[in-house]
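Raw contents of target28.tsv, TSV, C-alpha atoms:
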```
chain	number	residue	atom	x	y	z
A	1	MET	CA	0.00	0.00	0.00
A	2	THR	CA	1.08	3.55	-0.74
A	3	ARG	CA	1.66	5.91	2.22
A	4	LEU	CA	0.03	9.33	1.93
A	5	THR	CA	0.65	12.41	4.06
A	6	VAL	CA	-1.09	15.71	3.43
A	7	SER	CA	-0.34	18.72	5.63
A	8	VAL	CA	-1.62	22.27	5.22
A	9	GLN	CA	-0.96	25.31	7.41
A	10	GLN	CA	-3.11	28.40	7.55
A	11	ARG	CA	-3.24	31.53	9.69
A	12	LEU	CA	-6.62	31.99	11.36
A	13	ALA	CA	-7.65	35.44	12.58
A	14	ALA	CA	-8.79	34.28	16.01
A	15	PRO	CA	-7.15	33.35	19.30
A	16	VAL	CA	-6.38	29.68	19.87
A	17	GLU	CA	-8.82	29.51	22.81
A	18	ASP	CA	-11.74	30.44	20.54
A	19	ILE	CA	-10.68	27.99	17.83
A	20	TRP	CA	-10.20	25.22	20.38
A	21	ALA	CA	-13.73	25.77	21.74
A	22	VAL	CA	-15.12	24.78	18.32
A	23	ILE	CA	-12.77	21.94	17.36
A	24	ASP	CA	-13.01	20.38	20.82
A	25	ASP	CA	-16.76	19.80	20.37
A	26	THR	CA	-17.24	16.62	18.34
A	27	ALA	CA	-20.87	17.58	17.60
A	28	ARG	CA	-19.78	20.62	15.56
A	29	TYR	CA	-17.69	19.05	12.79
A	30	ALA	CA	-20.39	19.42	10.11
A	31	GLU	CA	-20.27	23.18	10.72
A	32	TRP	CA	-16.71	23.53	9.55
A	33	VAL	CA	-15.12	20.34	8.18
A	34	ASP	CA	-15.44	20.27	4.40
A	35	GLY	CA	-16.99	16.96	3.39
A	36	VAL	CA	-18.81	16.25	6.67
A	37	LEU	CA	-22.51	16.22	5.84
A	38	GLU	CA	-23.68	15.29	9.33
A	39	VAL	CA	-22.32	14.19	12.69
A	40	THR	CA	-24.42	11.11	13.42
A	41	ALA	CA	-23.11	10.24	16.90
A	42	HIS	CA	-20.89	12.22	19.23
A	43	HIS	CA	-19.82	12.60	22.82
A	44	GLY	CA	-19.58	16.39	22.98
A	45	THR	CA	-16.26	17.59	24.35
A	46	ALA	CA	-13.48	15.49	22.83
A	47	THR	CA	-12.36	12.77	25.23
A	48	VAL	CA	-9.43	10.43	24.65
A	49	GLY	CA	-10.68	6.96	23.73
A	50	GLU	CA	-14.22	8.08	22.83
A	51	THR	CA	-15.65	7.88	19.31
A	52	TYR	CA	-17.82	10.04	17.08
A	53	SER	CA	-19.42	9.16	13.74
A	54	GLU	CA	-20.02	11.15	10.59
A	55	HIS	CA	-21.82	10.94	7.27
A	56	ASN	CA	-19.27	12.19	4.73
A	57	ARG	CA	-19.17	13.24	1.09
A	58	THR	CA	-16.40	11.43	-0.77
A	59	LEU	CA	-16.34	11.76	-4.54
A	60	GLY	CA	-19.14	13.40	-6.54
A	61	PRO	CA	-22.47	12.00	-5.29
A	62	LEU	CA	-20.78	9.22	-3.28
A	63	THR	CA	-20.95	9.27	0.50
A	64	THR	CA	-19.59	7.15	3.32
A	65	ARG	CA	-19.98	6.64	7.04
A	66	SER	CA	-16.90	7.20	9.17
A	67	VAL	CA	-16.03	6.52	12.79
A	68	TRP	CA	-13.32	8.50	14.55
A	69	THR	CA	-11.57	7.73	17.82
A	70	VAL	CA	-9.99	10.55	19.80
A	71	GLY	CA	-6.37	9.56	20.42
A	72	THR	CA	-4.48	12.56	21.80
A	73	ILE	CA	-5.50	15.86	23.32
A	74	GLU	CA	-3.15	18.62	24.39
A	75	PRO	CA	-5.57	21.51	25.06
A	76	HIS	CA	-5.08	24.54	22.81
A	77	SER	CA	-2.19	22.79	21.08
A	78	LEU	CA	-2.81	19.35	19.59
A	79	ARG	CA	-5.60	16.94	18.70
A	80	VAL	CA	-5.04	13.56	17.03
A	81	ASP	CA	-7.88	11.23	15.97
A	82	SER	CA	-7.88	7.98	14.00
A	83	GLY	CA	-10.63	7.17	11.53
A	84	THR	CA	-12.18	4.32	9.58
A	85	GLY	CA	-14.70	4.20	6.75
A	86	PHE	CA	-12.82	5.95	3.95
A	87	ALA	CA	-11.88	3.03	1.68
A	88	PRO	CA	-9.53	2.85	-0.15
A	89	LEU	CA	-7.82	4.90	2.61
A	90	HIS	CA	-6.68	2.88	5.61
A	91	ASP	CA	-5.03	3.60	8.97
A	92	MET	CA	-6.20	7.19	8.75
A	93	VAL	CA	-4.77	9.57	11.39
A	94	ASN	CA	-6.00	13.16	11.49
A	95	THR	CA	-3.90	15.78	13.32
A	96	PHE	CA	-4.81	19.35	14.24
A	97	ARG	CA	-1.94	21.43	15.62
A	98	PHE	CA	-2.30	25.01	16.89
A	99	GLU	CA	0.30	27.69	17.56
A	100	PRO	CA	-0.74	31.11	18.90
A	101	ILE	CA	0.40	34.10	16.87
A	102	GLY	CA	0.29	36.85	19.43
A	103	THR	CA	-3.06	37.07	21.21
A	104	ALA	CA	-5.39	37.46	18.24
A	105	ALA	CA	-4.37	34.83	15.67
A	106	THR	CA	-3.46	31.17	15.39
A	107	LEU	CA	-1.38	29.11	13.00
A	108	MET	CA	-3.30	25.88	12.38
A	109	THR	CA	-1.83	22.77	10.80
A	110	TYR	CA	-4.32	20.24	9.43
A	111	ARG	CA	-2.65	16.95	8.56
A	112	VAL	CA	-3.69	13.45	7.58
A	113	ASP	CA	-1.54	10.34	7.37
A	114	CYS	CA	-2.92	7.16	5.83
A	115	ARG	CA	-2.31	4.25	3.51
A	116	VAL	CA	-3.92	4.13	0.06
A	117	GLY	CA	-5.15	0.68	-0.96
A	118	LEU	CA	-5.89	-0.56	-4.48
A	119	GLY	CA	-2.42	-2.01	-5.07
A	120	PRO	CA	-0.51	-0.31	-7.91
A	121	LEU	CA	-3.49	1.98	-8.57
A	122	GLY	CA	-3.01	3.49	-5.11
A	123	HIS	CA	0.33	4.91	-6.23
A	124	LEU	CA	-1.40	6.59	-9.18
A	125	LEU	CA	-4.30	7.80	-7.05
A	126	ALA	CA	-2.10	9.37	-4.32
A	127	PRO	CA	-1.30	12.66	-6.16
A	128	VAL	CA	-5.00	13.21	-6.94
A	129	LEU	CA	-5.90	12.55	-3.31
A	130	ARG	CA	-3.13	14.87	-2.10
A	131	SER	CA	-4.49	17.73	-4.20
A	132	SER	CA	-8.12	17.06	-3.25
A	133	LEU	CA	-7.39	16.76	0.48
A	134	SER	CA	-5.24	19.92	0.47
A	135	GLY	CA	-8.20	21.85	-0.95
A	136	GLN	CA	-10.57	20.32	1.60
A	137	PHE	CA	-8.25	21.24	4.47
A	138	ARG	CA	-7.96	24.86	3.27
A	139	ARG	CA	-11.75	25.16	2.91
A	140	SER	CA	-12.23	23.58	6.35
A	141	MET	CA	-9.85	26.01	8.03
A	142	ALA	CA	-11.50	28.99	6.30
A	143	ARG	CA	-14.92	27.75	7.47
A	144	LEU	CA	-13.57	27.23	11.00
A	145	GLU	CA	-12.33	30.81	11.03
A	146	ASP	CA	-15.74	32.01	9.78
A	147	VAL	CA	-17.57	30.06	12.52
A	148	VAL	CA	-15.31	31.40	15.26
A	149	LEU	CA	-15.51	34.99	14.02
A	150	ALA	CA	-19.31	34.78	13.70
A	151	GLU	CA	-19.56	33.55	17.28
A	152	ARG	CA	-17.37	36.41	18.43
A	153	GLY	CA	-19.55	38.87	16.48
A	154	ILE	CA	-16.77	39.87	14.12
A	155	ASP	CA	-17.30	40.00	10.38
A	156	GLN	CA	-14.52	39.30	7.90
A	157	ALA	CA	-14.25	43.00	7.03
A	158	GLY	CA	-12.84	43.63	10.50
A	159	GLY	CA	-15.95	45.12	12.10
```
Go ahead and render the structure in this file as C-alpha cells.
Amino acid sequence: MTRLTVSVQQRLAAPVEDIWAVIDDTARYAEWVDGVLEVTAHHGTATVGETYSEHNRTLGPLTTRSVWTVGTIEPHSLRVDSGTGFAPLHDMVNTFRFEPIGTAATLMTYRVDCRVGLGPLGHLLAPVLRSSLSGQFRRSMARLEDVVLAERGIDQAGG
C-alpha cells in the first residue's frame, strides 16, 4: 500500500482559545469540516478513547460513514484522531496542531496520514488525493475561522 501524508498550514484570525472551543466539540464538525454532511453520533467535548461518527461526502455523489476515535489531546495545542470508513484509505490519522500568533491569531496545521489501498493503482491515485485533500483542508480552516468569528460577532471586514 502507498503511504500518503497531506499537511496544510493556515493563519486563522482568532485566538487559539476560541478555535479550540469549536474543534473540541465533536458535535460541531459538520459546521466547519469540508466533506462532513452530518455528525451522526458524538460525545460532545473530545475525550481520549471516545468515538464520534459522521456521514461524509467522498467523490461526486458518493458518500460514506466514518467513525473517529480521539487519540491525543493537548488543550489549545494538539488533537489527534484515527478514523475508519474511507476506503480505499486505511489507517487514517488526522492531526490538528495550533500555535498562537500573538493574542489574536493562530497558525493551524491540518494533517492526515494514511495508507492508500488498491495495489498499484493506489500509487497513481495518491497525487490526486493529495491535491483534493489539500483543498478540503484549506476550505475547512477557512470555514472554521468564519464560525469562530461569527460567534465572536466579528465580520470578515474587520468590524
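Taking atom CA of A:Met92 and atom CA of A:Asp113 as endpoints, the distance between them is 5.8 Å.
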Contact check, stretch 21-104 of chain A to stretch 134-147 of chain A, at most 10 Å, counting only C-alpha atoms, closest pairs as a tab-separated table:
```
residue	atom	partner	partner_atom	distance
A:Val22	CA	A:Leu144	CA	7.9
A:Ile23	CA	A:Leu144	CA	8.3
A:Tyr29	CA	A:Leu144	CA	9.3
A:Ala30	CA	A:Ser140	CA	9.9
A:Glu31	CA	A:Val147	CA	7.6
A:Trp32	CA	A:Arg143	CA	5.0
A:Val33	CA	A:Ser140	CA	4.7
A:Asp34	CA	A:Ser140	CA	5.0
A:Gly35	CA	A:Gln136	CA	7.5
A:Val36	CA	A:Ser140	CA	9.9
```
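The two atoms in question, atom CA of A:Asp24 and atom CA of A:Tyr110, are spaced 14.3 Å apart.
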For this session: Could you tell me how far atom CA of A:Glu38 lies from atom CA of A:Leu133, in Å and to one decimal?
Result: 18.6 Å
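The closest residue to A:His123, picked from A:Gly71, A:Gly44, A:Pro88, A:Gly60 and counting all atoms listed in the file, is A:Pro88.
Shell of A:His90 at 9 Å, with all atoms listed in the file counted and residues fewer than 5 places along the chain excluded, is Gly83, Thr84, Gly85, Cys114, Arg115, Val116 and Gly117 of chain A.
Nearest to A:Thr72 of all the residues A:Val93, A:Leu37, A:Leu118, A:Val128 is A:Val93, counting only C-alpha atoms.
Closest approach to A:Arg130 from the set A:Leu12, A:Leu89, A:Ala150, A:Ala27 is made by A:Leu89, with distances taken over only C-alpha atoms.
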Problem set entry | A:Ala104 environment, 10 Å, all atoms listed in the file, sequence neighbours closer than 3 positions dropped, as a list in words | Leu12, Ala13, Ala14, Pro15, Val16, Glu17, Asp18, Pro100 and Ile101 of chain A
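Distances from A:Ser77, A:Ser132, A:Thr109, A:Leu125 to A:Gln10 were compared using all atoms listed in the file, and the smallest one belongs to A:Thr109.
Minimum distance to A:Phe96 across A:Trp20, A:Val48, A:Thr58, A:Arg3 (counting only C-alpha atoms) occurs at A:Trp20.
Using all atoms listed in the file, the residues found no farther than 12 Å from A:Pro120, other than those of its own chain fewer than 5 positions away, are Met1, Thr2, Leu125 and Ala126 of chain A.
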Box along x, y and z, 5 Å on every side, all listed atoms of stretch 33-37 of chain A inside: centre and edge lengths in Å to one decimal, as JSON.
```
{"center_x": -18.8, "center_y": 18.3, "center_z": 5.8, "size_x": 17.4, "size_y": 14.1, "size_z": 14.8}
```
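Distances from A:Gln9, A:Ile19, A:His43, A:Asn94 to A:Val148 were compared using all atoms listed in the file, and the smallest one belongs to A:Ile19.
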Copy stretch 75-127 of chain A out of the block into a file, keeping C-alpha atoms, as a CSV table (one decimal), in the first residue's frame.
```csv
chain,number,residue,atom,x,y,z
A,75,PRO,CA,-5.6,21.5,25.1
A,76,HIS,CA,-5.1,24.5,22.8
A,77,SER,CA,-2.2,22.8,21.1
A,78,LEU,CA,-2.8,19.3,19.6
A,79,ARG,CA,-5.6,16.9,18.7
A,80,VAL,CA,-5.0,13.6,17.0
A,81,ASP,CA,-7.9,11.2,16.0
A,82,SER,CA,-7.9,8.0,14.0
A,83,GLY,CA,-10.6,7.2,11.5
A,84,THR,CA,-12.2,4.3,9.6
A,85,GLY,CA,-14.7,4.2,6.8
A,86,PHE,CA,-12.8,6.0,3.9
A,87,ALA,CA,-11.9,3.0,1.7
A,88,PRO,CA,-9.5,2.9,-0.1
A,89,LEU,CA,-7.8,4.9,2.6
A,90,HIS,CA,-6.7,2.9,5.6
A,91,ASP,CA,-5.0,3.6,9.0
A,92,MET,CA,-6.2,7.2,8.8
A,93,VAL,CA,-4.8,9.6,11.4
A,94,ASN,CA,-6.0,13.2,11.5
A,95,THR,CA,-3.9,15.8,13.3
A,96,PHE,CA,-4.8,19.3,14.2
A,97,ARG,CA,-1.9,21.4,15.6
A,98,PHE,CA,-2.3,25.0,16.9
A,99,GLU,CA,0.3,27.7,17.6
A,100,PRO,CA,-0.7,31.1,18.9
A,101,ILE,CA,0.4,34.1,16.9
A,102,GLY,CA,0.3,36.8,19.4
A,103,THR,CA,-3.1,37.1,21.2
A,104,ALA,CA,-5.4,37.5,18.2
A,105,ALA,CA,-4.4,34.8,15.7
A,106,THR,CA,-3.5,31.2,15.4
A,107,LEU,CA,-1.4,29.1,13.0
A,108,MET,CA,-3.3,25.9,12.4
A,109,THR,CA,-1.8,22.8,10.8
A,110,TYR,CA,-4.3,20.2,9.4
A,111,ARG,CA,-2.6,16.9,8.6
A,112,VAL,CA,-3.7,13.4,7.6
A,113,ASP,CA,-1.5,10.3,7.4
A,114,CYS,CA,-2.9,7.2,5.8
A,115,ARG,CA,-2.3,4.2,3.5
A,116,VAL,CA,-3.9,4.1,0.1
A,117,GLY,CA,-5.2,0.7,-1.0
A,118,LEU,CA,-5.9,-0.6,-4.5
A,119,GLY,CA,-2.4,-2.0,-5.1
A,120,PRO,CA,-0.5,-0.3,-7.9
A,121,LEU,CA,-3.5,2.0,-8.6
A,122,GLY,CA,-3.0,3.5,-5.1
A,123,HIS,CA,0.3,4.9,-6.2
A,124,LEU,CA,-1.4,6.6,-9.2
A,125,LEU,CA,-4.3,7.8,-7.0
A,126,ALA,CA,-2.1,9.4,-4.3
A,127,PRO,CA,-1.3,12.7,-6.2
```
